[in-house]
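Enquirer: Structure file start_6.cif (mmCIF, C-alpha atoms) is given on the next line.
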data_data
loop_
_atom_site.group_PDB
_atom_site.id
_atom_site.type_symbol
_atom_site.label_atom_id
_atom_site.label_comp_id
_atom_site.auth_asym_id
_atom_site.auth_seq_id
_atom_site.Cartn_x
_atom_site.Cartn_y
_atom_site.Cartn_z
ATOM 1 C CA MET R 90 -17.296 -14.211 4.731
ATOM 2 C CA GLN R 91 -14.384 -15.431 2.614
ATOM 3 C CA ARG R 92 -16.319 -14.261 -0.446
ATOM 4 C CA SER R 93 -16.394 -10.697 0.842
ATOM 5 C CA PHE R 94 -12.612 -10.586 1.353
ATOM 6 C CA ALA R 95 -12.147 -11.841 -2.208
ATOM 7 C CA ARG R 96 -14.548 -9.227 -3.585
ATOM 8 C CA ARG R 97 -12.797 -6.370 -1.779
ATOM 9 C CA SER R 98 -9.343 -7.493 -2.928
ATOM 10 C CA LEU R 99 -10.489 -7.868 -6.522
ATOM 11 C CA LEU R 100 -12.079 -4.417 -6.611
ATOM 12 C CA GLY R 101 -8.943 -2.796 -5.259
ATOM 13 C CA ALA R 102 -6.544 -4.529 -7.645
ATOM 14 C CA ALA R 103 -8.600 -3.709 -10.705
ATOM 15 C CA ALA R 104 -8.726 -0.004 -9.900
ATOM 16 C CA ALA R 105 -5.210 0.655 -8.633
ATOM 17 C CA THR R 106 -3.930 2.190 -11.866
ATOM 18 C CA GLY R 107 -6.875 4.550 -12.293
ATOM 19 C CA ALA R 108 -6.708 5.737 -8.698
ATOM 20 C CA ALA R 109 -3.011 6.528 -9.003
ATOM 21 C CA ALA R 110 -3.569 8.463 -12.210
ATOM 22 C CA LEU R 111 -6.262 10.613 -10.625
ATOM 23 C CA LEU R 112 -4.084 11.575 -7.665
ATOM 24 C CA GLY R 113 -2.315 14.357 -9.527
ATOM 25 C CA SER R 114 -5.512 15.892 -10.883
ATOM 26 C CA LEU R 115 -7.063 16.962 -7.598
ATOM 27 C CA GLY R 116 -4.925 20.043 -7.096
ATOM 28 C CA GLY R 117 -2.858 18.756 -4.184
ATOM 29 C CA THR R 118 -2.544 15.957 -1.688
ATOM 30 C CA ALA R 119 -3.305 16.442 1.998
ATOM 31 C CA HIS R 120 -1.152 14.538 4.479
ATOM 32 C CA ALA R 121 -1.985 13.873 8.103
ATOM 33 C CA ALA R 122 -0.507 15.916 10.926
ATOM 34 C CA GLY R 123 -0.771 15.604 14.687
ATOM 35 C CA ALA R 124 -3.487 17.544 16.462
ATOM 36 C CA GLY R 125 -1.089 18.491 19.256
ATOM 37 C CA ASP R 126 -3.457 17.698 22.104
ATOM 38 C CA GLY R 127 -1.347 14.916 23.584
ATOM 39 C CA TRP R 128 -3.908 12.238 22.769
ATOM 40 C CA PRO R 129 -2.551 9.225 20.844
ATOM 41 C CA GLU R 130 -2.475 9.541 17.067
ATOM 42 C CA SER R 131 -2.707 5.772 16.806
ATOM 43 C CA PHE R 132 -3.469 2.890 19.143
ATOM 44 C CA ARG R 133 -3.663 -0.868 19.035
ATOM 45 C CA LEU R 134 -6.750 -3.015 18.835
ATOM 46 C CA PRO R 135 -6.720 -6.592 20.164
ATOM 47 C CA ASP R 136 -4.630 -9.010 18.112
ATOM 48 C CA GLY R 137 -6.762 -10.965 15.677
ATOM 49 C CA PHE R 138 -9.700 -8.548 16.046
ATOM 50 C CA GLN R 139 -10.332 -7.943 12.289
ATOM 51 C CA PRO R 140 -11.843 -4.440 12.564
ATOM 52 C CA GLU R 141 -14.098 -2.920 9.937
ATOM 53 C CA GLY R 142 -16.539 -0.354 11.325
ATOM 54 C CA ILE R 143 -16.087 2.525 13.764
ATOM 55 C CA ALA R 144 -18.557 4.726 15.624
ATOM 56 C CA ILE R 145 -17.948 7.747 17.872
ATOM 57 C CA GLY R 146 -20.640 9.671 19.734
ATOM 58 C CA HIS R 147 -20.449 12.877 21.781
ATOM 59 C CA SER R 148 -18.113 11.302 24.338
ATOM 60 C CA PRO R 149 -14.437 10.565 23.506
ATOM 61 C CA TYR R 150 -14.916 6.838 23.066
ATOM 62 C CA ALA R 151 -14.744 4.819 19.866
ATOM 63 C CA TYR R 152 -16.567 1.577 19.157
ATOM 64 C CA PHE R 153 -15.242 -0.997 16.687
ATOM 65 C CA GLY R 154 -16.868 -4.018 15.082
ATOM 66 C CA SER R 155 -15.081 -7.287 14.311
ATOM 67 C CA LEU R 156 -15.467 -9.146 11.042
ATOM 68 C CA GLY R 157 -14.109 -12.242 12.748
ATOM 69 C CA ASN R 158 -16.855 -13.031 15.259
ATOM 70 C CA GLY R 159 -19.025 -9.937 15.680
ATOM 71 C CA ASP R 160 -17.334 -8.617 18.850
ATOM 72 C CA ILE R 161 -17.709 -4.934 19.756
ATOM 73 C CA TYR R 162 -14.670 -3.239 21.291
ATOM 74 C CA GLN R 163 -14.755 0.126 23.085
ATOM 75 C CA ALA R 164 -11.639 2.323 23.357
ATOM 76 C CA SER R 165 -10.858 5.667 24.990
ATOM 77 C CA LEU R 166 -9.590 8.251 22.508
ATOM 78 C CA ARG R 167 -7.757 9.963 25.351
ATOM 79 C CA THR R 168 -5.618 6.934 26.263
ATOM 80 C CA GLY R 169 -6.100 4.349 23.514
ATOM 81 C CA ARG R 170 -6.951 1.741 26.128
ATOM 82 C CA GLY R 171 -10.095 -0.294 25.689
ATOM 83 C CA ARG R 172 -12.244 -3.253 26.616
ATOM 84 C CA LEU R 173 -14.486 -5.841 25.036
ATOM 85 C CA LEU R 174 -17.937 -4.274 25.308
ATOM 86 C CA SER R 175 -20.031 -6.985 23.684
ATOM 87 C CA ALA R 176 -19.150 -10.532 22.675
ATOM 88 C CA GLY R 177 -20.249 -11.384 19.152
ATOM 89 C CA PRO R 178 -22.606 -14.229 18.292
ATOM 90 C CA GLY R 179 -19.734 -16.422 17.021
ATOM 91 C CA THR R 180 -17.435 -17.219 14.128
ATOM 92 C CA GLU R 181 -20.247 -17.196 11.566
ATOM 93 C CA SER R 182 -21.309 -13.692 12.645
ATOM 94 C CA HIS R 183 -19.838 -10.315 11.827
ATOM 95 C CA SER R 184 -19.987 -6.684 12.847
ATOM 96 C CA VAL R 185 -19.283 -4.647 9.729
ATOM 97 C CA GLY R 186 -20.557 -1.042 9.857
ATOM 98 C CA LEU R 187 -21.914 0.508 13.040
ATOM 99 C CA LYS R 188 -23.328 3.793 14.334
ATOM 100 C CA ILE R 189 -24.147 5.073 17.825
ATOM 101 C CA ASP R 190 -27.284 7.131 18.442
ATOM 102 C CA ARG R 191 -27.282 10.690 19.805
ATOM 103 C CA ALA R 192 -28.244 9.565 23.282
ATOM 104 C CA GLU R 193 -25.265 7.189 23.236
ATOM 105 C CA ARG R 194 -27.590 4.419 24.352
ATOM 106 C CA ARG R 195 -27.667 2.152 21.297
ATOM 107 C CA LEU R 196 -25.215 0.788 18.755
ATOM 108 C CA PHE R 197 -26.784 -0.160 15.426
ATOM 109 C CA ILE R 198 -24.736 -2.875 13.728
ATOM 110 C CA ALA R 199 -24.672 -4.002 10.102
ATOM 111 C CA GLY R 200 -23.896 -7.647 10.657
ATOM 112 C CA GLY R 201 -23.577 -9.431 7.324
ATOM 113 C CA THR R 202 -26.713 -11.569 7.268
ATOM 114 C CA ALA R 203 -28.083 -9.870 10.380
ATOM 115 C CA ILE R 204 -28.866 -6.491 11.896
ATOM 116 C CA ARG R 205 -28.264 -6.087 15.608
ATOM 117 C CA VAL R 206 -28.821 -3.367 18.190
ATOM 118 C CA VAL R 207 -26.579 -3.416 21.268
ATOM 119 C CA ASP R 208 -26.784 -1.406 24.478
ATOM 120 C CA ALA R 209 -23.824 1.000 24.208
ATOM 121 C CA ARG R 210 -23.358 1.083 27.991
ATOM 122 C CA THR R 211 -23.622 -2.577 28.966
ATOM 123 C CA GLY R 212 -23.014 -4.382 25.681
ATOM 124 C CA ALA R 213 -26.238 -6.348 26.083
ATOM 125 C CA LEU R 214 -27.996 -7.422 22.910
ATOM 126 C CA ALA R 215 -31.230 -5.422 22.625
ATOM 127 C CA HIS R 216 -32.507 -6.479 19.189
ATOM 128 C CA ASP R 217 -31.443 -9.155 16.720
ATOM 129 C CA TYR R 218 -32.867 -9.402 13.204
ATOM 130 C CA THR R 219 -31.662 -12.400 11.218
ATOM 131 C CA THR R 220 -34.521 -13.490 8.966
ATOM 132 C CA PHE R 221 -35.194 -10.451 6.775
ATOM 133 C CA GLY R 222 -33.172 -11.659 3.750
ATOM 134 C CA GLY R 223 -29.931 -9.706 4.043
ATOM 135 C CA GLN R 224 -26.959 -11.281 2.231
ATOM 136 C CA PHE R 225 -24.116 -8.910 3.187
ATOM 137 C CA VAL R 226 -25.429 -6.023 5.291
ATOM 138 C CA ASN R 227 -22.446 -3.697 5.150
ATOM 139 C CA ASP R 228 -23.022 -0.239 6.635
ATOM 140 C CA VAL R 229 -25.577 1.886 8.476
ATOM 141 C CA ILE R 230 -26.613 5.509 8.932
ATOM 142 C CA LEU R 231 -29.123 6.942 11.390
ATOM 143 C CA THR R 232 -31.821 9.482 10.559
ATOM 144 C CA PRO R 233 -34.375 10.940 13.004
ATOM 145 C CA ASP R 234 -36.911 8.211 12.227
ATOM 146 C CA ALA R 235 -34.955 5.236 10.891
ATOM 147 C CA ALA R 236 -31.720 3.317 10.650
ATOM 148 C CA TRP R 237 -30.724 2.642 7.031
ATOM 149 C CA PHE R 238 -28.490 -0.265 5.991
ATOM 150 C CA THR R 239 -26.742 -1.202 2.733
ATOM 151 C CA ASP R 240 -26.462 -4.688 1.264
ATOM 152 C CA SER R 241 -23.378 -5.206 -0.918
ATOM 153 C CA TYR R 242 -24.742 -8.264 -2.724
ATOM 154 C CA GLN R 243 -28.268 -7.041 -3.494
ATOM 155 C CA PRO R 244 -29.728 -3.796 -4.960
ATOM 156 C CA LEU R 245 -31.535 -3.088 -1.710
ATOM 157 C CA LEU R 246 -31.440 -0.814 1.297
ATOM 158 C CA TYR R 247 -33.030 -1.849 4.581
ATOM 159 C CA ARG R 248 -35.052 0.590 6.657
ATOM 160 C CA LEU R 249 -35.462 -0.080 10.370
ATOM 161 C CA ALA R 250 -38.056 2.333 11.757
ATOM 162 C CA LEU R 251 -37.354 4.133 15.047
ATOM 163 C CA ASP R 252 -39.837 5.619 17.499
ATOM 164 C CA ARG R 253 -39.451 9.037 19.143
ATOM 165 C CA ALA R 254 -37.239 7.559 21.834
ATOM 166 C CA GLY R 255 -34.940 6.029 19.212
ATOM 167 C CA ASP R 256 -36.017 2.426 19.796
ATOM 168 C CA PRO R 257 -36.563 0.134 16.788
ATOM 169 C CA VAL R 258 -40.138 -0.486 15.703
ATOM 170 C CA GLY R 259 -40.964 -3.681 13.852
ATOM 171 C CA ALA R 260 -38.539 -5.464 11.539
ATOM 172 C CA PRO R 261 -36.242 -4.128 8.783
ATOM 173 C CA VAL R 262 -38.035 -3.418 5.494
ATOM 174 C CA ALA R 263 -36.300 -3.834 2.128
ATOM 175 C CA VAL R 264 -36.297 -0.805 -0.194
ATOM 176 C CA PRO R 265 -35.331 -1.758 -3.799
ATOM 177 C CA LEU R 266 -32.825 0.527 -5.515
ATOM 178 C CA GLY R 267 -33.695 1.833 -8.974
ATOM 179 C CA GLY R 268 -32.966 4.754 -11.270
ATOM 180 C CA ASP R 269 -29.236 5.000 -12.026
ATOM 181 C CA TRP R 270 -28.366 2.123 -9.727
ATOM 182 C CA THR R 271 -26.120 -0.516 -11.328
ATOM 183 C CA GLN R 272 -25.667 -3.788 -9.450
ATOM 184 C CA GLY R 273 -22.502 -5.857 -9.738
ATOM 185 C CA ASP R 274 -20.903 -8.589 -7.698
ATOM 186 C CA PHE R 275 -20.030 -6.399 -4.675
ATOM 187 C CA THR R 276 -21.633 -2.983 -5.041
ATOM 188 C CA ALA R 277 -23.177 -0.935 -2.217
ATOM 189 C CA ASN R 278 -20.878 -0.025 0.628
ATOM 190 C CA GLY R 279 -20.817 3.125 2.796
ATOM 191 C CA ILE R 280 -23.883 5.253 3.462
ATOM 192 C CA ALA R 281 -24.470 8.807 4.710
ATOM 193 C CA ARG R 282 -27.129 11.529 4.610
ATOM 194 C CA THR R 283 -27.072 14.472 2.224
ATOM 195 C CA PRO R 284 -26.148 17.801 3.865
ATOM 196 C CA ASP R 285 -29.784 18.931 3.798
ATOM 197 C CA GLY R 286 -30.901 15.612 5.344
ATOM 198 C CA ARG R 287 -33.467 14.922 2.631
ATOM 199 C CA ALA R 288 -31.813 11.978 0.925
ATOM 200 C CA LEU R 289 -29.172 9.293 1.366
ATOM 201 C CA LEU R 290 -25.715 8.973 -0.183
ATOM 202 C CA VAL R 291 -24.529 5.453 -1.018
ATOM 203 C CA VAL R 292 -21.216 4.253 -2.436
ATOM 204 C CA ASN R 293 -21.647 2.282 -5.663
ATOM 205 C CA THR R 294 -18.343 0.604 -6.537
ATOM 206 C CA VAL R 295 -19.530 -0.427 -10.017
ATOM 207 C CA ALA R 296 -21.476 2.351 -11.762
ATOM 208 C CA GLY R 297 -19.308 4.687 -13.826
ATOM 209 C CA GLY R 298 -16.126 3.116 -12.538
ATOM 210 C CA GLY R 299 -17.172 3.755 -8.945
ATOM 211 C CA THR R 300 -19.334 6.657 -7.862
ATOM 212 C CA LEU R 301 -21.699 8.054 -5.277
ATOM 213 C CA MET R 302 -25.455 7.671 -5.565
ATOM 214 C CA ARG R 303 -28.074 10.005 -4.108
ATOM 215 C CA VAL R 304 -31.033 7.852 -3.081
ATOM 216 C CA ASP R 305 -34.562 9.074 -2.468
ATOM 217 C CA PRO R 306 -35.535 7.294 0.770
ATOM 218 C CA ALA R 307 -39.221 7.297 -0.165
ATOM 219 C CA THR R 308 -38.809 5.511 -3.491
ATOM 220 C CA GLY R 309 -35.302 4.017 -3.624
ATOM 221 C CA THR R 310 -34.611 5.935 -6.830
ATOM 222 C CA ALA R 311 -30.863 6.463 -7.182
ATOM 223 C CA THR R 312 -29.237 9.323 -9.081
ATOM 224 C CA ALA R 313 -25.507 9.479 -9.724
ATOM 225 C CA VAL R 314 -23.824 12.364 -7.897
ATOM 226 C CA ASP R 315 -21.690 14.572 -10.141
ATOM 227 C CA LEU R 316 -18.175 14.230 -8.699
ATOM 228 C CA GLY R 317 -16.363 15.510 -11.775
ATOM 229 C CA ALA R 318 -13.367 13.304 -12.605
ATOM 230 C CA LEU R 319 -13.306 11.569 -9.222
ATOM 231 C CA ARG R 320 -13.980 7.828 -9.234
ATOM 232 C CA ILE R 321 -14.363 5.737 -6.077
ATOM 233 C CA PRO R 322 -14.028 2.052 -7.075
ATOM 234 C CA ASN R 323 -12.572 1.329 -3.641
ATOM 235 C CA GLY R 324 -15.124 3.443 -1.782
ATOM 236 C CA ASP R 325 -15.981 2.107 1.649
ATOM 237 C CA GLY R 326 -17.015 4.207 4.648
ATOM 238 C CA LEU R 327 -18.496 7.709 4.325
ATOM 239 C CA LEU R 328 -18.228 10.516 6.871
ATOM 240 C CA LEU R 329 -20.185 13.749 6.383
ATOM 241 C CA LEU R 330 -19.160 16.825 8.383
ATOM 242 C CA GLY R 331 -21.291 19.783 7.329
ATOM 243 C CA ARG R 332 -20.966 19.788 3.552
ATOM 244 C CA THR R 333 -17.600 18.039 3.562
ATOM 245 C CA LEU R 334 -17.722 14.349 2.726
ATOM 246 C CA TYR R 335 -14.816 12.029 3.515
ATOM 247 C CA ILE R 336 -14.758 8.920 1.310
ATOM 248 C CA VAL R 337 -12.498 6.130 2.547
ATOM 249 C CA GLN R 338 -10.985 4.270 -0.408
ATOM 250 C CA GLN R 339 -9.745 1.267 1.499
ATOM 251 C CA VAL R 340 -7.295 -0.790 -0.602
ATOM 252 C CA ALA R 341 -6.090 2.409 -2.295
ATOM 253 C CA ASN R 342 -4.993 3.604 1.186
ATOM 254 C CA GLN R 343 -6.445 7.066 0.744
ATOM 255 C CA VAL R 344 -9.329 9.254 1.817
ATOM 256 C CA ASP R 345 -10.895 11.494 -0.814
ATOM 257 C CA VAL R 346 -12.488 14.691 0.450
ATOM 258 C CA VAL R 347 -15.418 16.211 -1.428
ATOM 259 C CA ARG R 348 -17.306 19.469 -0.890
ATOM 260 C CA LEU R 349 -21.009 18.853 -1.600
ATOM 261 C CA ASN R 350 -23.875 21.152 -2.376
ATOM 262 C CA ALA R 351 -26.739 21.082 0.136
ATOM 263 C CA ALA R 352 -28.844 18.611 -1.829
ATOM 264 C CA GLY R 353 -25.929 16.242 -2.379
ATOM 265 C CA THR R 354 -26.368 16.236 -6.152
ATOM 266 C CA ARG R 355 -22.907 17.676 -6.884
ATOM 267 C CA GLY R 356 -19.503 17.435 -5.294
ATOM 268 C CA THR R 357 -16.061 18.915 -5.886
ATOM 269 C CA ALA R 358 -12.946 16.969 -4.892
ATOM 270 C CA ILE R 359 -10.869 19.256 -2.662
ATOM 271 C CA ALA R 360 -8.207 16.984 -1.178
ATOM 272 C CA ARG R 361 -6.816 13.484 -1.006
ATOM 273 C CA ILE R 362 -5.456 12.335 2.337
ATOM 274 C CA THR R 363 -2.673 9.785 2.369
ATOM 275 C CA ASP R 364 -0.636 8.552 5.294
ATOM 276 C CA PRO R 365 2.136 5.939 5.595
ATOM 277 C CA ARG R 366 0.251 4.478 8.565
ATOM 278 C CA PHE R 367 -2.707 3.482 6.388
ATOM 279 C CA ARG R 368 -2.987 -0.308 6.121
ATOM 280 C CA ILE R 369 -6.291 -0.504 4.252
ATOM 281 C CA PRO R 370 -8.510 1.736 6.384
ATOM 282 C CA THR R 371 -12.196 1.033 5.902
ATOM 283 C CA THR R 372 -14.395 3.485 7.792
ATOM 284 C CA ALA R 373 -14.108 6.829 9.574
ATOM 285 C CA ALA R 374 -15.534 8.714 12.540
ATOM 286 C CA ALA R 375 -14.748 12.183 13.900
ATOM 287 C CA TRP R 376 -13.850 13.640 17.264
ATOM 288 C CA GLY R 377 -12.246 16.967 18.262
ATOM 289 C CA GLY R 378 -10.800 18.008 14.901
ATOM 290 C CA ARG R 379 -9.547 14.527 14.120
ATOM 291 C CA ILE R 380 -10.780 11.624 12.045
ATOM 292 C CA TYR R 381 -10.184 8.086 13.290
ATOM 293 C CA LEU R 382 -9.853 5.126 10.928
ATOM 294 C CA PRO R 383 -9.381 1.416 11.727
ATOM 295 C CA ASN R 384 -6.885 -0.445 9.555
ATOM 296 C CA ALA R 385 -8.570 -3.623 8.294
ATOM 297 C CA ARG R 386 -5.486 -5.126 6.583
ATOM 298 C CA PHE R 387 -7.532 -6.898 3.902
ATOM 299 C CA ASP R 388 -4.308 -7.679 2.015
ATOM 300 C CA ILE R 389 -3.292 -10.433 4.440
ATOM 301 C CA GLU R 390 -4.878 -13.627 5.705
ATOM 302 C CA PRO R 391 -6.079 -12.896 9.262
ATOM 303 C CA THR R 392 -4.779 -15.023 12.131
ATOM 304 C CA PRO R 393 -5.401 -14.896 15.896
ATOM 305 C CA THR R 394 -2.095 -13.021 16.307
ATOM 306 C CA THR R 395 -2.453 -10.503 13.459
ATOM 307 C CA ASP R 396 -1.959 -6.972 14.800
ATOM 308 C CA TYR R 397 -4.503 -4.263 14.091
ATOM 309 C CA ASP R 398 -4.592 -0.582 14.928
ATOM 310 C CA VAL R 399 -6.466 2.709 14.583
ATOM 311 C CA VAL R 400 -4.935 5.896 13.172
ATOM 312 C CA ALA R 401 -6.005 9.512 13.635
ATOM 313 C CA ILE R 402 -5.639 12.212 10.978
ATOM 314 C CA ASP R 403 -6.541 15.900 10.994
ATOM 315 C CA GLN R 404 -9.763 17.084 9.425
ATOM 316 C CA VAL R 405 -9.410 19.097 6.225
#
Show the structure stored in the file as structure tokens.
Expert:
Amino acid sequence: MQRSFARRSLLGAAAATGAAALLGSLGGTAHAAGAGDGWPESFRLPDGFQPEGIAIGHSPYAYFGSLGNGDIYQASLRTGRGRLLSAGPGTESHSVGLKIDRAERRLFIAGGTAIRVVDARTGALAHDYTTFGGQFVNDVILTPDAAWFTDSYQPLLYRLALDRAGDPVGAPVAVPLGGDWTQGDFTANGIARTPDGRALLVVNTVAGGGTLMRVDPATGTATAVDLGALRIPNGDGLLLLGRTLYIVQQVANQVDVVRLNAAGTRGTAIARITDPRFRIPTTAAAWGGRIYLPNARFDIEPTPTTDYDVVAIDQV
């Protein structure tokens, strides 16, 4: 796990100058404002938690994964109060990216060298896959028939088939990435679907100085998405709302907002969200006109007493 922290820090430091230069070229910077509903615009997570991923379903509850030991924490968006939903497997285990299914029954967890499925109501472990060859399984997206996972250290996606009820079928299957895909030290990160649902979008922190790849799920063929002058060397979590894609650029402490065409082959940068509360946000999830982001604080050495929080910003 220490390797992954080093990779993330290195990527951010190398790209800081380029990211700052691009800021003025997007035609304006969007800053967060309160939604005015009385719900907290930020709230604390447990000290020492080391958050990375976030998932929100139809109900106003957020789920967070811990890089420290794989714990899953559930918090009310209405009050900010929460509870430990599921204890992680231990200090050698992680919960990186996560998604909740539409029925709000299952949490699918990208867990470093493992993939896990947890009951979203009880926290019980439903499925645990640890022998499929993943080196750093980083993020996950759900489609009607599969859960798709990225691996930051290998040019692979993993497909976990789902039956009609949404339950996993069999074991994860590796799908090699080809086409325009360029593999570096720490490469694939966030993942989303294209607006038309026909392909996948994957952050590639290496190719072209950091870009988005459109991946054919049938073949693994990757094609660079035309984002104009926008580069995403610090790209982490992706959040697609309609045709609007939010790209969290963690160590740059910003969220770039892109308007995509339906096929996800082209995108136009329309805003850059900054906020003084950002302390290296990693991933994003939406609820009620807001976007919630956990601050991972990758710039410090984590301790059992390190404070962590979640911040809410308005949607563009």
Enquirer: Between R:Gln272, R:Gln343, R:Thr372, R:Thr357, which is the closest to Gly186 in chain R once you count all atoms listed in the file?
Expert: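 Distance minimum relative to Gly186 in chain R lands on R:Thr372.
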Enquirer: Translate the PyMOL selection byres ((chain R and resi 379) around 9) into a concrete residue list for this structure, as a PyMOL selection string.
Expert: chain R and resi 123-124+374-378+380-381+401-404
Enquirer: With C-alpha atoms retained, export the selected residues as a CSV table (one decimal), in the frame of the given file.
Expert:
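Result went into again.csv, see below:
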chain,number,residue,atom,x,y,z
R,123,GLY,CA,-0.8,15.6,14.7
R,124,ALA,CA,-3.5,17.5,16.5
R,374,ALA,CA,-15.5,8.7,12.5
R,375,ALA,CA,-14.7,12.2,13.9
R,376,TRP,CA,-13.8,13.6,17.3
R,377,GLY,CA,-12.2,17.0,18.3
R,378,GLY,CA,-10.8,18.0,14.9
R,380,ILE,CA,-10.8,11.6,12.0
R,381,TYR,CA,-10.2,8.1,13.3
R,401,ALA,CA,-6.0,9.5,13.6
R,402,ILE,CA,-5.6,12.2,11.0
R,403,ASP,CA,-6.5,15.9,11.0
R,404,GLN,CA,-9.8,17.1,9.4
Enquirer: Taking the file as shown, find all residues satisfying the PyMOL selection byres ((chain R and resi 308-324) around 7) and write them as an MDAnalysis selection string.
Expert: chainID R and resid 100:101 104 264:270 292 294:295 298:307 325:326 336:341 354:358
Enquirer: Filtering to C-alpha atoms, could you give me those residues as a PDB file, in the coordinates of the input?
Expert:
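Resulting contents of part_18.pdb:
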ATOM      1  CA  LEU R 100     -12.079  -4.417  -6.611  1.00  0.00           C
ATOM      2  CA  GLY R 101      -8.943  -2.796  -5.259  1.00  0.00           C
ATOM      3  CA  ALA R 104      -8.726  -0.004  -9.900  1.00  0.00           C
ATOM      4  CA  VAL R 264     -36.297  -0.805  -0.194  1.00  0.00           C
ATOM      5  CA  PRO R 265     -35.331  -1.758  -3.799  1.00  0.00           C
ATOM      6  CA  LEU R 266     -32.825   0.527  -5.515  1.00  0.00           C
ATOM      7  CA  GLY R 267     -33.695   1.833  -8.974  1.00  0.00           C
ATOM      8  CA  GLY R 268     -32.966   4.754 -11.270  1.00  0.00           C
ATOM      9  CA  ASP R 269     -29.236   5.000 -12.026  1.00  0.00           C
ATOM     10  CA  TRP R 270     -28.366   2.123  -9.727  1.00  0.00           C
ATOM     11  CA  VAL R 292     -21.216   4.253  -2.436  1.00  0.00           C
ATOM     12  CA  THR R 294     -18.343   0.604  -6.537  1.00  0.00           C
ATOM     13  CA  VAL R 295     -19.530  -0.427 -10.017  1.00  0.00           C
ATOM     14  CA  GLY R 298     -16.126   3.116 -12.538  1.00  0.00           C
ATOM     15  CA  GLY R 299     -17.172   3.755  -8.945  1.00  0.00           C
ATOM     16  CA  THR R 300     -19.334   6.657  -7.862  1.00  0.00           C
ATOM     17  CA  LEU R 301     -21.699   8.054  -5.277  1.00  0.00           C
ATOM     18  CA  MET R 302     -25.455   7.671  -5.565  1.00  0.00           C
ATOM     19  CA  ARG R 303     -28.074  10.005  -4.108  1.00  0.00           C
ATOM     20  CA  VAL R 304     -31.033   7.852  -3.081  1.00  0.00           C
ATOM     21  CA  ASP R 305     -34.562   9.074  -2.468  1.00  0.00           C
ATOM     22  CA  PRO R 306     -35.535   7.294   0.770  1.00  0.00           C
ATOM     23  CA  ALA R 307     -39.221   7.297  -0.165  1.00  0.00           C
ATOM     24  CA  ASP R 325     -15.981   2.107   1.649  1.00  0.00           C
ATOM     25  CA  GLY R 326     -17.015   4.207   4.648  1.00  0.00           C
ATOM     26  CA  ILE R 336     -14.758   8.920   1.310  1.00  0.00           C
ATOM     27  CA  VAL R 337     -12.498   6.130   2.547  1.00  0.00           C
ATOM     28  CA  GLN R 338     -10.985   4.270  -0.408  1.00  0.00           C
ATOM     29  CA  GLN R 339      -9.745   1.267   1.499  1.00  0.00           C
ATOM     30  CA  VAL R 340      -7.295  -0.790  -0.602  1.00  0.00           C
ATOM     31  CA  ALA R 341      -6.090   2.409  -2.295  1.00  0.00           C
ATOM     32  CA  THR R 354     -26.368  16.236  -6.152  1.00  0.00           C
ATOM     33  CA  ARG R 355     -22.907  17.676  -6.884  1.00  0.00           C
ATOM     34  CA  GLY R 356     -19.503  17.435  -5.294  1.00  0.00           C
ATOM     35  CA  THR R 357     -16.061  18.915  -5.886  1.00  0.00           C
ATOM     36  CA  ALA R 358     -12.946  16.969  -4.892  1.00  0.00           C
TER      37      ALA R 358
END
Enquirer: Choose the residue, out of R:Leu382, R:Ala263, R:Val185, R:Ile204, that has the smallest atom-to-atom separation from Val399 in chain R; count only C-alpha atoms.
Expert: R:Leu382
Enquirer: Find the residues near Gly146 in chain R: any atom within 10 Å, counting all atoms listed in the file, skip ones fewer than 3 places away on the same chain, and give them as JSON, numbers by chain.
Expert: {"R": [149, 150, 151, 152, 188, 189, 190, 191, 192, 193, 194, 374, 375, 376]}
Enquirer: Keeping C-alpha atoms for every residue in the selection just given, could you write it to a file as a compact mmCIF listing (two decimals), in the frame of the given file?
Expert:
# COMPACT_ATOMS: atom_id res chain seq x y z
CA PRO R 149 -14.44 10.56 23.51
CA TYR R 150 -14.92 6.84 23.07
CA ALA R 151 -14.74 4.82 19.87
CA TYR R 152 -16.57 1.58 19.16
CA LYS R 188 -23.33 3.79 14.33
CA ILE R 189 -24.15 5.07 17.82
CA ASP R 190 -27.28 7.13 18.44
CA ARG R 191 -27.28 10.69 19.80
CA ALA R 192 -28.24 9.56 23.28
CA GLU R 193 -25.26 7.19 23.24
CA ARG R 194 -27.59 4.42 24.35
CA ALA R 374 -15.53 8.71 12.54
CA ALA R 375 -14.75 12.18 13.90
CA TRP R 376 -13.85 13.64 17.26
Enquirer: Please rebuild range 136-140 of chain R with N, CA, C and O atoms and return the result as a CSV table (one decimal), keeping the file's coordinate frame.
Expert:
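Wrote it out as out.csv, contents follow:
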chain,number,residue,atom,x,y,z
R,136,ASP,N,-5.2,-8.1,19.2
R,136,ASP,CA,-4.6,-9.0,18.1
R,136,ASP,C,-5.7,-9.9,17.6
R,136,ASP,O,-6.5,-10.5,18.4
R,137,GLY,N,-5.8,-10.1,16.3
R,137,GLY,CA,-6.8,-11.0,15.7
R,137,GLY,C,-8.2,-10.4,15.6
R,137,GLY,O,-9.1,-11.1,15.2
R,138,PHE,N,-8.3,-9.1,15.9
R,138,PHE,CA,-9.7,-8.5,16.0
R,138,PHE,C,-10.4,-8.4,14.7
R,138,PHE,O,-11.6,-8.6,14.6
R,139,GLN,N,-9.7,-8.1,13.6
R,139,GLN,CA,-10.3,-7.9,12.3
R,139,GLN,C,-11.4,-6.8,12.3
R,139,GLN,O,-12.5,-7.0,12.0
R,140,PRO,N,-10.9,-5.6,12.5
R,140,PRO,CA,-11.8,-4.4,12.6
R,140,PRO,C,-12.4,-4.1,11.2
R,140,PRO,O,-11.7,-4.3,10.2
